[in-house]
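Enquirer: My structure is stored as upload34.tsv, with TSV, C-alpha atoms.
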chain	number	residue	atom	x	y	z
A	1	MET	CA	276.99	205.88	121.09
A	2	ARG	CA	276.35	204.60	124.62
A	3	ASN	CA	277.61	206.80	127.45
A	4	PRO	CA	280.70	204.96	128.78
A	5	LEU	CA	280.21	206.55	132.21
A	6	ASP	CA	276.57	206.29	133.27
A	7	SER	CA	276.33	208.66	136.23
A	8	ALA	CA	272.69	207.84	136.99
A	9	ALA	CA	273.40	204.11	137.11
A	10	LEU	CA	276.44	204.67	139.33
A	11	ASP	CA	274.48	206.97	141.65
A	12	ALA	CA	271.77	204.33	142.00
A	13	ALA	CA	274.24	201.48	142.50
A	14	ILE	CA	276.18	203.20	145.29
A	15	GLU	CA	272.96	204.26	147.04
A	16	ASN	CA	271.70	200.66	146.89
A	17	VAL	CA	274.79	199.43	148.78
A	18	HIS	CA	273.98	201.88	151.56
A	19	ARG	CA	270.33	200.83	151.59
A	20	ALA	CA	271.40	197.18	151.81
A	21	GLY	CA	273.06	197.89	155.16
A	22	MET	CA	276.44	199.52	154.51
A	23	PRO	CA	276.75	202.55	156.86
A	24	GLY	CA	278.79	204.52	154.33
A	25	LEU	CA	280.83	204.14	151.15
A	26	PHE	CA	282.41	206.31	148.49
A	27	ALA	CA	283.91	205.73	145.08
A	28	GLU	CA	285.56	207.20	142.00
A	29	VAL	CA	285.23	205.80	138.48
A	30	ARG	CA	287.26	207.09	135.55
A	31	HIS	CA	286.82	206.45	131.83
A	32	GLY	CA	289.48	208.24	129.84
A	33	ASP	CA	289.17	211.89	130.82
A	34	ARG	CA	285.70	211.49	132.29
A	35	VAL	CA	285.28	211.15	136.06
A	36	TRP	CA	282.37	210.13	138.29
A	37	ARG	CA	282.61	210.47	142.05
A	38	GLY	CA	279.93	209.41	144.49
A	39	ALA	CA	279.24	208.79	148.17
A	40	ALA	CA	276.32	207.38	150.14
A	41	GLY	CA	275.55	207.03	153.82
A	42	VAL	CA	277.33	208.16	156.96
A	43	ALA	CA	280.86	208.33	158.28
A	44	ASP	CA	279.59	208.26	161.87
A	45	VAL	CA	276.40	206.39	162.79
A	46	ALA	CA	276.10	208.28	166.08
A	47	THR	CA	276.16	211.79	164.65
A	48	GLY	CA	274.94	211.16	161.10
A	49	ARG	CA	278.00	212.93	159.66
A	50	PRO	CA	277.97	212.02	155.95
A	51	VAL	CA	280.76	210.29	154.09
A	52	THR	CA	282.40	212.36	151.36
A	53	VAL	CA	284.29	211.12	148.33
A	54	GLY	CA	287.57	212.82	149.30
A	55	MET	CA	287.92	211.04	152.65
A	56	ARG	CA	291.16	209.29	153.58
A	57	HIS	CA	290.71	205.59	154.30
A	58	ARG	CA	292.61	202.54	155.48
A	59	VAL	CA	292.88	200.44	152.31
A	60	GLY	CA	294.33	197.23	153.78
A	61	SER	CA	296.07	194.85	151.42
A	62	ILE	CA	295.94	197.21	148.46
A	63	THR	CA	299.22	198.19	150.19
A	64	LYS	CA	300.67	194.92	148.86
A	65	THR	CA	300.70	196.31	145.32
A	66	PHE	CA	302.82	199.23	146.57
A	67	THR	CA	305.16	196.86	148.43
A	68	ALA	CA	305.48	194.54	145.44
A	69	ALA	CA	306.25	197.50	143.17
A	70	ALA	CA	308.98	198.63	145.57
A	71	VAL	CA	310.56	195.15	145.54
A	72	LEU	CA	310.43	195.02	141.74
A	73	GLN	CA	312.20	198.38	141.54
A	74	GLN	CA	315.02	196.75	143.50
A	75	VAL	CA	314.92	193.75	141.17
A	76	GLU	CA	315.41	196.18	138.27
A	77	SER	CA	318.40	197.74	140.03
A	78	GLY	CA	319.97	194.29	140.54
A	79	ARG	CA	319.84	194.35	144.34
A	80	ILE	CA	317.15	191.66	144.57
A	81	GLY	CA	316.73	188.51	142.47
A	82	LEU	CA	313.12	187.44	141.94
A	83	ASP	CA	314.12	183.79	141.92
A	84	THR	CA	316.82	184.09	144.59
A	85	PRO	CA	316.12	182.19	147.84
A	86	ILE	CA	315.02	184.45	150.67
A	87	GLY	CA	317.49	182.68	152.95
A	88	ARG	CA	320.35	184.44	151.14
A	89	TYR	CA	318.97	187.80	152.26
A	90	LEU	CA	317.29	186.95	155.58
A	91	PRO	CA	318.92	183.75	156.88
A	92	THR	CA	317.91	184.31	160.50
A	93	LEU	CA	314.23	184.92	159.67
A	94	VAL	CA	313.81	181.97	157.29
A	95	PRO	CA	316.58	179.57	158.24
A	96	GLY	CA	317.71	176.24	156.84
A	97	GLU	CA	316.11	174.32	154.01
A	98	ARG	CA	313.04	176.54	153.82
A	99	GLY	CA	315.19	179.62	153.40
A	100	ASP	CA	316.92	177.84	150.51
A	101	ALA	CA	313.63	176.68	148.94
A	102	ILE	CA	311.48	179.83	149.21
A	103	THR	CA	312.28	182.47	146.61
A	104	VAL	CA	311.39	186.16	146.58
A	105	ARG	CA	308.84	185.47	143.84
A	106	MET	CA	307.11	182.87	146.04
A	107	LEU	CA	306.70	185.46	148.78
A	108	ILE	CA	305.17	188.01	146.41
A	109	ASN	CA	302.72	185.55	144.81
A	110	HIS	CA	301.90	183.65	148.04
A	111	THR	CA	303.31	180.26	146.97
A	112	SER	CA	305.90	180.09	149.80
A	113	GLY	CA	303.84	177.70	151.92
A	114	LEU	CA	304.38	179.95	154.96
A	115	ALA	CA	301.39	180.12	157.29
A	116	GLU	CA	299.42	183.23	158.21
A	117	TYR	CA	300.63	184.66	161.53
A	118	LEU	CA	297.40	186.48	162.42
A	119	PRO	CA	295.69	183.64	164.34
A	120	TYR	CA	298.80	183.41	166.53
A	121	ALA	CA	299.02	187.15	167.16
A	122	TYR	CA	295.26	187.36	167.82
A	123	PRO	CA	294.46	184.34	170.03
A	124	SER	CA	290.67	184.69	169.84
A	125	LEU	CA	290.94	184.26	166.05
A	126	LYS	CA	293.02	181.12	166.44
A	127	ALA	CA	290.52	178.75	164.85
A	128	TYR	CA	290.21	180.87	161.70
A	129	PRO	CA	288.84	179.95	159.19
A	130	VAL	CA	286.54	177.95	161.48
A	131	LEU	CA	284.74	181.21	162.04
A	132	ALA	CA	282.11	179.97	164.48
A	133	ASP	CA	284.86	179.08	166.97
A	134	THR	CA	286.42	182.54	166.87
A	135	GLY	CA	285.61	185.73	168.74
A	136	PRO	CA	286.45	189.41	168.49
A	137	GLN	CA	288.08	189.85	171.93
A	138	SER	CA	291.60	190.11	170.51
A	139	LEU	CA	290.60	193.08	168.38
A	140	ASP	CA	290.09	195.15	171.52
A	141	ASP	CA	293.04	193.63	173.37
A	142	HIS	CA	295.44	194.76	170.61
A	143	ARG	CA	294.01	198.15	169.67
A	144	PHE	CA	297.19	199.90	170.90
A	145	THR	CA	299.64	196.97	170.81
A	146	ARG	CA	302.95	197.78	169.12
A	147	PHE	CA	303.91	194.50	167.44
A	148	ASP	CA	307.51	193.64	166.54
A	149	PRO	CA	307.46	192.53	162.87
A	150	THR	CA	310.19	189.94	163.40
A	151	GLU	CA	308.10	188.33	166.14
A	152	LEU	CA	305.07	188.20	163.83
A	153	ILE	CA	307.24	186.64	161.10
A	154	GLU	CA	308.50	184.04	163.56
A	155	MET	CA	304.89	183.09	164.37
A	156	GLY	CA	304.22	182.43	160.69
A	157	VAL	CA	307.53	180.70	159.96
A	158	THR	CA	307.32	178.35	162.95
A	159	ALA	CA	303.63	177.52	162.41
A	160	PRO	CA	302.78	174.35	160.44
A	161	ALA	CA	303.42	174.96	156.74
A	162	VAL	CA	300.37	175.38	154.50
A	163	GLY	CA	302.13	174.08	151.39
A	164	THR	CA	305.41	173.12	149.75
A	165	PRO	CA	307.44	176.09	148.48
A	166	GLY	CA	306.47	176.82	144.90
A	167	SER	CA	303.47	174.48	144.82
A	168	THR	CA	300.00	175.62	143.73
A	169	PRO	CA	297.49	176.56	144.74
A	170	GLY	CA	299.35	178.93	147.01
A	171	VAL	CA	297.81	180.21	150.23
A	172	TYR	CA	297.45	183.94	150.86
A	173	SER	CA	299.55	184.88	153.89
A	174	ASN	CA	300.56	188.22	155.38
A	175	THR	CA	303.73	186.51	156.62
A	176	ASN	CA	305.04	186.67	153.04
A	177	TYR	CA	304.71	190.44	152.82
A	178	LEU	CA	306.17	191.13	156.25
A	179	LEU	CA	309.23	189.26	154.97
A	180	LEU	CA	309.28	191.43	151.83
A	181	VAL	CA	309.25	194.50	154.08
A	182	GLN	CA	312.32	193.16	155.90
A	183	LEU	CA	313.94	192.36	152.54
A	184	LEU	CA	313.41	195.93	151.35
A	185	GLU	CA	315.02	197.29	154.51
A	186	ARG	CA	317.96	194.88	154.17
A	187	VAL	CA	318.82	195.90	150.59
A	188	THR	CA	317.97	199.63	150.70
A	189	GLY	CA	319.47	200.47	154.08
A	190	THR	CA	316.40	202.48	155.06
A	191	THR	CA	312.96	201.71	156.46
A	192	ALA	CA	310.42	200.19	154.10
A	193	GLU	CA	308.05	203.04	154.95
A	194	ARG	CA	310.60	205.61	153.82
A	195	TYR	CA	311.54	203.70	150.67
A	196	ILE	CA	307.91	203.08	149.60
A	197	THR	CA	307.02	206.70	150.34
A	198	ARG	CA	309.87	208.13	148.26
A	199	ASN	CA	309.92	205.66	145.39
A	200	VAL	CA	306.30	204.59	144.98
A	201	ILE	CA	303.92	207.06	146.66
A	202	GLU	CA	305.84	210.23	145.72
A	203	ARG	CA	306.80	208.89	142.29
A	204	ALA	CA	303.10	208.45	141.57
A	205	GLY	CA	302.37	212.00	142.79
A	206	LEU	CA	299.93	210.82	145.46
A	207	ARG	CA	299.12	213.72	147.79
A	208	ASP	CA	296.75	212.03	150.25
A	209	THR	CA	298.46	208.63	150.62
A	210	ALA	CA	300.77	207.63	153.46
A	211	LEU	CA	301.87	204.77	155.69
A	212	PRO	CA	300.72	205.62	159.23
A	213	THR	CA	303.10	206.50	162.04
A	214	GLY	CA	300.52	206.08	164.81
A	215	PRO	CA	297.02	204.72	165.44
A	216	TYR	CA	295.12	207.68	163.97
A	217	VAL	CA	293.98	208.53	160.44
A	218	ASP	CA	294.95	212.14	159.73
A	219	GLY	CA	292.53	214.34	157.81
A	220	PRO	CA	288.86	213.81	156.98
A	221	HIS	CA	287.94	210.14	157.39
A	222	SER	CA	285.15	207.79	158.33
A	223	ARG	CA	284.79	205.67	161.42
A	224	LEU	CA	285.36	201.98	160.62
A	225	TYR	CA	282.75	199.53	161.86
A	226	GLU	CA	283.62	195.89	162.53
A	227	ALA	CA	280.78	193.35	162.94
A	228	TRP	CA	282.92	190.17	163.08
A	229	PHE	CA	280.17	188.00	161.56
A	230	GLY	CA	277.49	189.39	163.81
A	231	MET	CA	279.45	188.75	167.01
A	232	ILE	CA	279.90	192.52	167.52
A	233	ASP	CA	276.38	193.92	167.57
A	234	PRO	CA	276.10	196.80	167.02
A	235	PRO	CA	279.34	196.98	165.03
A	236	ARG	CA	282.20	198.72	166.85
A	237	ASP	CA	284.44	201.52	165.56
A	238	TYR	CA	288.07	200.48	164.96
A	239	SER	CA	289.23	203.56	163.04
A	240	VAL	CA	291.74	204.30	165.82
A	241	TYR	CA	294.09	201.32	165.72
A	242	ASP	CA	297.81	200.61	165.85
A	243	MET	CA	298.55	199.12	162.44
A	244	SER	CA	301.83	197.44	163.38
A	245	TRP	CA	299.92	194.13	163.21
A	246	VAL	CA	300.39	194.35	159.43
A	247	GLY	CA	302.95	197.14	158.98
A	248	PRO	CA	303.81	198.26	155.42
A	249	SER	CA	302.11	195.15	154.01
A	250	ALA	CA	298.53	196.33	154.65
A	251	SER	CA	298.44	199.61	156.59
A	252	LEU	CA	298.29	202.23	153.82
A	253	ILE	CA	295.96	205.22	154.15
A	254	SER	CA	294.76	206.63	150.83
A	255	THR	CA	291.85	208.11	148.88
A	256	VAL	CA	289.87	206.68	145.99
A	257	SER	CA	291.32	209.36	143.68
A	258	ASP	CA	294.89	208.51	144.69
A	259	LEU	CA	294.27	204.79	144.20
A	260	ASN	CA	292.97	205.36	140.67
A	261	ARG	CA	295.98	207.56	139.90
A	262	PHE	CA	298.41	204.96	141.27
A	263	PHE	CA	297.02	202.02	139.31
A	264	GLY	CA	296.87	204.16	136.18
A	265	MET	CA	300.54	205.01	136.48
A	266	LEU	CA	301.46	201.42	137.38
A	267	LEU	CA	299.84	199.98	134.26
A	268	ALA	CA	301.38	202.77	132.17
A	269	GLY	CA	304.85	201.55	133.18
A	270	GLU	CA	305.64	204.67	135.23
A	271	ILE	CA	306.18	203.00	138.63
A	272	VAL	CA	307.98	199.85	137.47
A	273	SER	CA	309.29	198.96	134.03
A	274	PRO	CA	307.05	197.30	131.42
A	275	SER	CA	308.97	194.04	131.89
A	276	SER	CA	308.38	194.19	135.65
A	277	LEU	CA	304.68	194.84	135.02
A	278	THR	CA	304.63	191.72	132.85
A	279	GLN	CA	306.04	189.77	135.80
A	280	MET	CA	303.37	191.26	138.08
A	281	GLN	CA	300.68	189.99	135.70
A	282	ARG	CA	301.93	186.39	135.62
A	283	THR	CA	299.39	184.64	137.82
A	284	VAL	CA	299.13	181.41	139.77
A	285	PRO	CA	296.14	179.96	141.66
A	286	VAL	CA	296.07	181.12	145.29
A	287	VAL	CA	293.54	180.37	148.05
A	288	SER	CA	292.36	183.71	149.44
A	289	GLN	CA	291.64	184.44	153.10
A	290	GLU	CA	287.95	183.87	152.30
A	291	GLY	CA	288.79	180.35	151.14
A	292	LYS	CA	288.23	181.08	147.43
A	293	THR	CA	290.80	180.17	144.77
A	294	ILE	CA	291.80	183.25	142.80
A	295	ASP	CA	294.44	184.05	140.20
A	296	TYR	CA	297.23	186.08	141.81
A	297	GLY	CA	300.32	187.68	140.32
A	298	LEU	CA	303.03	189.75	141.99
A	299	GLY	CA	300.87	192.04	144.13
A	300	LEU	CA	298.11	192.18	141.50
A	301	HIS	CA	295.13	190.01	140.71
A	302	PRO	CA	292.77	190.04	137.70
A	303	MET	CA	288.98	190.33	137.54
A	304	GLU	CA	286.87	189.90	134.44
A	305	GLY	CA	283.21	189.63	133.61
A	306	PRO	CA	281.78	187.31	130.92
A	307	GLY	CA	282.70	188.75	127.55
A	308	GLN	CA	284.38	191.74	129.21
A	309	GLY	CA	287.97	192.94	129.30
A	310	THR	CA	290.38	192.03	132.09
A	311	PHE	CA	290.85	194.40	135.01
A	312	TRP	CA	293.90	194.37	137.32
A	313	GLY	CA	294.13	195.59	140.89
A	314	HIS	CA	293.81	194.55	144.51
A	315	GLY	CA	291.35	194.55	147.37
A	316	GLY	CA	291.98	195.09	151.05
A	317	THR	CA	290.36	194.93	154.46
A	318	VAL	CA	291.30	196.06	157.94
A	319	TRP	CA	289.27	195.89	161.11
A	320	GLY	CA	286.13	197.76	160.07
A	321	GLY	CA	287.24	199.05	156.67
A	322	GLY	CA	287.61	197.79	153.14
A	323	ALA	CA	288.53	198.94	149.66
A	324	LEU	CA	288.84	197.64	146.11
A	325	ALA	CA	290.75	199.28	143.25
A	326	MET	CA	290.74	197.87	139.70
A	327	ILE	CA	291.90	199.16	136.31
A	328	ARG	CA	291.20	197.79	132.84
A	329	ALA	CA	294.22	196.27	131.11
A	330	ASP	CA	294.28	199.11	128.57
A	331	GLY	CA	294.33	201.66	131.44
A	332	LYS	CA	291.23	203.46	130.17
A	333	ARG	CA	288.69	202.47	132.84
A	334	ARG	CA	289.45	202.66	136.57
A	335	MET	CA	287.43	202.07	139.72
A	336	ALA	CA	288.16	202.57	143.42
A	337	VAL	CA	285.56	201.90	146.14
A	338	ALA	CA	285.88	202.30	149.94
A	339	VAL	CA	283.45	200.92	152.56
A	340	ASN	CA	283.23	201.46	156.34
A	341	LEU	CA	281.85	198.11	157.55
A	342	GLN	CA	283.46	194.68	157.49
A	343	ARG	CA	282.37	191.07	158.04
A	344	TRP	CA	278.67	191.90	157.87
A	345	ASN	CA	277.68	188.30	157.06
A	346	ARG	CA	276.29	186.39	160.02
A	347	LEU	CA	277.12	182.70	160.31
A	348	ASP	CA	274.78	179.77	159.76
A	349	SER	CA	274.63	176.74	162.06
A	350	SER	CA	277.64	175.23	160.27
A	351	GLY	CA	279.74	178.34	160.78
A	352	ASN	CA	279.57	179.48	157.15
A	353	PRO	CA	278.89	183.14	156.32
A	354	GLN	CA	275.30	183.66	155.20
A	355	PRO	CA	274.44	185.73	152.12
A	356	HIS	CA	273.64	189.38	152.88
A	357	PRO	CA	271.99	192.01	150.66
A	358	ILE	CA	275.24	194.02	150.81
A	359	ASP	CA	277.00	191.26	148.82
A	360	ASP	CA	274.72	191.55	145.79
A	361	ALA	CA	274.56	195.34	145.99
A	362	LEU	CA	278.37	195.64	146.04
A	363	ALA	CA	278.71	193.16	143.16
A	364	THR	CA	276.30	195.30	141.13
A	365	LEU	CA	278.24	198.48	141.96
A	366	TYR	CA	281.51	196.83	140.88
A	367	ARG	CA	279.92	195.60	137.64
A	368	VAL	CA	278.47	199.02	136.75
A	369	ALA	CA	281.73	200.73	137.71
A	370	MET	CA	283.92	198.43	135.63
A	371	TYR	CA	281.75	197.59	132.66
A	372	GLY	CA	279.06	200.30	132.53
Reformat the file's structure so that it appears as structure tokens.

Expert:
Amino acid sequence: MRNPLDSAALDAAIENVHRAGMPGLFAEVRHGDRVWRGAAGVADVATGRPVTVGMRHRVGSITKTFTAAAVLQQVESGRIGLDTPIGRYLPTLVPGERGDAITVRMLINHTSGLAEYLPYAYPSLKAYPVLADTGPQSLDDHRFTRFDPTELIEMGVTAPAVGTPGSTPGVYSNTNYLLLVQLLERVTGTTAERYITRNVIERAGLRDTALPTGPYVDGPHSRLYEAWFGMIDPPRDYSVYDMSWVGPSASLISTVSDLNRFFGMLLAGEIVSPSSLTQMQRTVPVVSQEGKTIDYGLGLHPMEGPGQGTFWGHGGTVWGGGALAMIRADGKRRMAVAVNLQRWNRLDSSGNPQPHPIDDALATLYRVAMYG
């Protein structure tokens, strides 16, 4: 019988991502009771300090699965209606006809039509996704900026709509999840950070996972190197950063072991009810921030290889860091990978990201990790 967890193949695959140009990365793969953990490269290019598999890491929009789970817990308790207009809860933030037309479900699955606020908060990124016309200056300007979430929401709500509420394909927008954070606070009477910590992070028994209270990552961690499509050369470290630009929609700090534990418990029905999990796995087409159309549910999206089983999970990026966590539908196989470089693809003359060896090496690592 073939070894379901091929350590040699995983060791080679993770090392190849480093050799392709990734400064450092680390991962954990689980198959039933068997566990493989691996790391390759450095956490600090200046000192050569190695990455280790237990490091804490900014996991970006993987946070959205935690936020969505928290909202669904409140749906189960009857305090939130999935198909209730957001205007009934937050009339000042989404006023008028749009508040009546956009439901909670549309926020969670990105079919609200609300625009992304980031290009308005970060002026040098304003032309995104016309990448060639953007620049990284705003990343430095806002390293220690404390953003007001309601001001960020206003930027997204007042920007030109990117679709009609409920229409598909939806368009991925952080504005949606900042509104869900405000919704959680409205119905629970506490901060979203406190609610998610008590009812999602602690319920899952995650010991190294937290929403940050300041710009630093506590505990052992890697520096995070942002290249911004070759415009920052050499890539600059953004591991110290005020995460209020995304708040509890994309600021989570975790470990690969904690991520695998969380998604295992989520799919086992131990974070939300089985009926809520079924809702999370109802997908619609959504245009991602990379411009690709993906299937997206309520804080979860599927991945599957030809002739292979379906995996569920989420990816995430922040300035300089990225992560992907996926679990097979039967819960038996799990993968979590963290990387410490972002936007490594340089742009061609048309402003489109060029292929990079890291892309193929990461795809191979994901394939070996998920399917053996």

Enquirer: If we count only C-alpha atoms, what is near Gly24 (chain A) at a cut-off of 7 Å, once residues fewer than 4 positions away on the same chain are taken out, given as a list in words?

Expert: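 Near neighbours after the sequence-gap exclusion: His18, Ala40, Gly41, Val42, Ala43, Val51, Val339 and Asn340 of chain A.
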
Enquirer: Nearest residue to Arg343 (chain A) out of A:Pro235, A:Pro248, A:Gly54, A:Pro85, using all atoms listed in the file?

Expert: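 Result for the nearest residue to Arg343 (chain A): A:Pro235.
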
Enquirer: Could you check the closest approach to Ala101 (chain A) for each of A:Ser167, A:Asn345, A:Gln354, A:Gln74 and tell me which residue wins, using only C-alpha atoms?

Expert: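 Ranking A:Ser167, A:Asn345, A:Gln354, A:Gln74 by distance to Ala101 (chain A), first place goes to A:Ser167.
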
Enquirer: So, counting all atoms listed in the file, which residue among A:Pro95, A:Val217, A:Val287, A:Arg19 is closest to Gly113 (chain A)?

Expert: A:Val287

Enquirer: Identify, on the basis of all atoms listed in the file, every residue whose closest approach to Leu114 (chain A) does not exceed 10 Å; exclude the query and any residue fewer than 3 positions from it along the same chain; express the result as a list of chain:residue names.

Expert: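 My reading of the contact set: A:Val94, A:Arg98, A:Ile102, A:Met106, A:Leu107, A:His110, A:Thr111, A:Tyr117, A:Ile153, A:Met155, A:Gly156, A:Val157, A:Thr158, A:Ala159, A:Pro160, A:Ala161, A:Val162, A:Gly163, A:Thr164, A:Pro165, A:Gly170, A:Val171, A:Tyr172, A:Ser173, A:Asn174, A:Thr175, A:Asn176.
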
Enquirer: Just C-alpha atoms for this one: save the residues we selected as a short mmCIF file (atom, residue, chain, number, x, y, z; two decimals), in the coordinates of the input.

Expert:
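To be explicit, this is the file written out as selection-v1.cif:
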data_model
loop_
_atom_site.label_atom_id
_atom_site.label_comp_id
_atom_site.auth_asym_id
_atom_site.auth_seq_id
_atom_site.Cartn_x
_atom_site.Cartn_y
_atom_site.Cartn_z
CA VAL A 94 313.81 181.97 157.29
CA ARG A 98 313.04 176.54 153.82
CA ILE A 102 311.48 179.83 149.21
CA MET A 106 307.11 182.87 146.04
CA LEU A 107 306.70 185.46 148.78
CA HIS A 110 301.90 183.65 148.04
CA THR A 111 303.31 180.26 146.97
CA TYR A 117 300.63 184.66 161.53
CA ILE A 153 307.24 186.64 161.10
CA MET A 155 304.89 183.09 164.37
CA GLY A 156 304.22 182.43 160.69
CA VAL A 157 307.53 180.70 159.96
CA THR A 158 307.32 178.35 162.95
CA ALA A 159 303.63 177.52 162.41
CA PRO A 160 302.78 174.35 160.44
CA ALA A 161 303.42 174.96 156.74
CA VAL A 162 300.37 175.38 154.50
CA GLY A 163 302.13 174.08 151.39
CA THR A 164 305.41 173.12 149.75
CA PRO A 165 307.44 176.09 148.48
CA GLY A 170 299.35 178.93 147.01
CA VAL A 171 297.81 180.21 150.23
CA TYR A 172 297.45 183.94 150.86
CA SER A 173 299.55 184.88 153.89
CA ASN A 174 300.56 188.22 155.38
CA THR A 175 303.73 186.51 156.62
CA ASN A 176 305.04 186.67 153.04
#

Enquirer: Smallest atom-to-atom distance to Gly32 (chain A): which of A:Leu5, A:Phe263, A:Ser251, A:Glu193, using all atoms listed in the file?

Expert: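 Smallest distance to Gly32 (chain A) is found for A:Leu5.
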
Enquirer: If we count only C-alpha atoms, what is near region 197-207 of chain A at a cut-off of 7 Å, once residues fewer than 6 positions away on the same chain are taken out, given as a list in words?

Expert: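 Those residues are Phe66, Ala70, Asp258, Phe262, Met265 and Ile271 of chain A.
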
Enquirer: List as a Markdown table every residue of region 210-240 of chain A that is in contact with region 135-140 of chain A, defined as an atom at most 12 Å from one of its atoms (using only C-alpha atoms), together with the nearest atom pair and the distance in Å rounded to one decimal, sorted by chain and then rising number.

Expert:
| residue | atom | partner | partner_atom | distance |
| --- | --- | --- | --- | --- |
| A:Glu226 | CA | A:Pro136 | CA | 9.2 |
| A:Ala227 | CA | A:Pro136 | CA | 8.9 |
| A:Trp228 | CA | A:Pro136 | CA | 6.5 |
| A:Phe229 | CA | A:Gly135 | CA | 9.3 |
| A:Gly230 | CA | A:Pro136 | CA | 10.1 |
| A:Met231 | CA | A:Gly135 | CA | 7.1 |
| A:Ile232 | CA | A:Pro136 | CA | 7.3 |
| A:Asp233 | CA | A:Pro136 | CA | 11.1 |
| A:Pro235 | CA | A:Pro136 | CA | 10.9 |
| A:Arg236 | CA | A:Asp140 | CA | 9.8 |
| A:Asp237 | CA | A:Asp140 | CA | 10.4 |
| A:Tyr238 | CA | A:Leu139 | CA | 8.5 |
| A:Ser239 | CA | A:Leu139 | CA | 11.8 |
| A:Val240 | CA | A:Asp140 | CA | 10.9 |

Enquirer: What's the 8 Å shell around Trp36 (chain A), counting only C-alpha atoms, without same-chain residues fewer than 3 positions away, as a ChimeraX atom specification?

Expert: /A:5,7,28-30

Enquirer: So how many Å separate CA of Arg282 (chain A) and CA of Val59 (chain A), to one decimal?

Expert: 23.6 Å

Enquirer: Find, counting only C-alpha atoms, the residue in A:Pro23, A:Ala9, A:Glu76, A:Thr103 that gets nearest to Pro50 (chain A).

Expert: A:Pro23

Enquirer: Kindly indicate which residue among A:Ile294, A:Val17, A:Met370, A:Ala68 lies nearest to Leu183 (chain A), using only C-alpha atoms for the distances.

Expert: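 Smallest separation from Leu183 (chain A) among the options: A:Ala68.
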
Enquirer: Find the spatial neighbours of Ala338 (chain A), counting only C-alpha atoms, within a cut-off of 8 Å - ignore same-chain residues fewer than 5 positions away - and output them as a ChimeraX atom specification.

Expert: /A:25-27,57,59,256,321-324

Enquirer: Please measure the separation of CA of Thr145 (chain A) and CA of Ala192 (chain A), giving the value in Å to one decimal.

Expert: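 Here the two named atoms are 20.1 Å from each other.
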
Enquirer: Report the distance between CA of Thr213 (chain A) and CA of Gly313 (chain A) in Å, rounded to one decimal place.

Expert: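 That distance, rounded to one decimal, is 25.4 Å.
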
Enquirer: Got a sec to check which residues sit within 7 Å of (284.7, 202.5, 131.8), counting only C-alpha atoms, and write them as a list in words?

Expert: Pro4, Leu5, Arg30, His31, Lys332, Arg333, Arg334, Ala369, Met370, Tyr371 and Gly372 of chain A

Enquirer: Within 12 Å of (280.2, 194.0, 142.2) in the file's own coordinates, which protein, DNA or RNA residues have an atom, counting all atoms listed in the file? List them as a PyMOL selection string.

Expert: chain A and resi 10+13-14+16-17+303-305+324-326+335-337+357-372
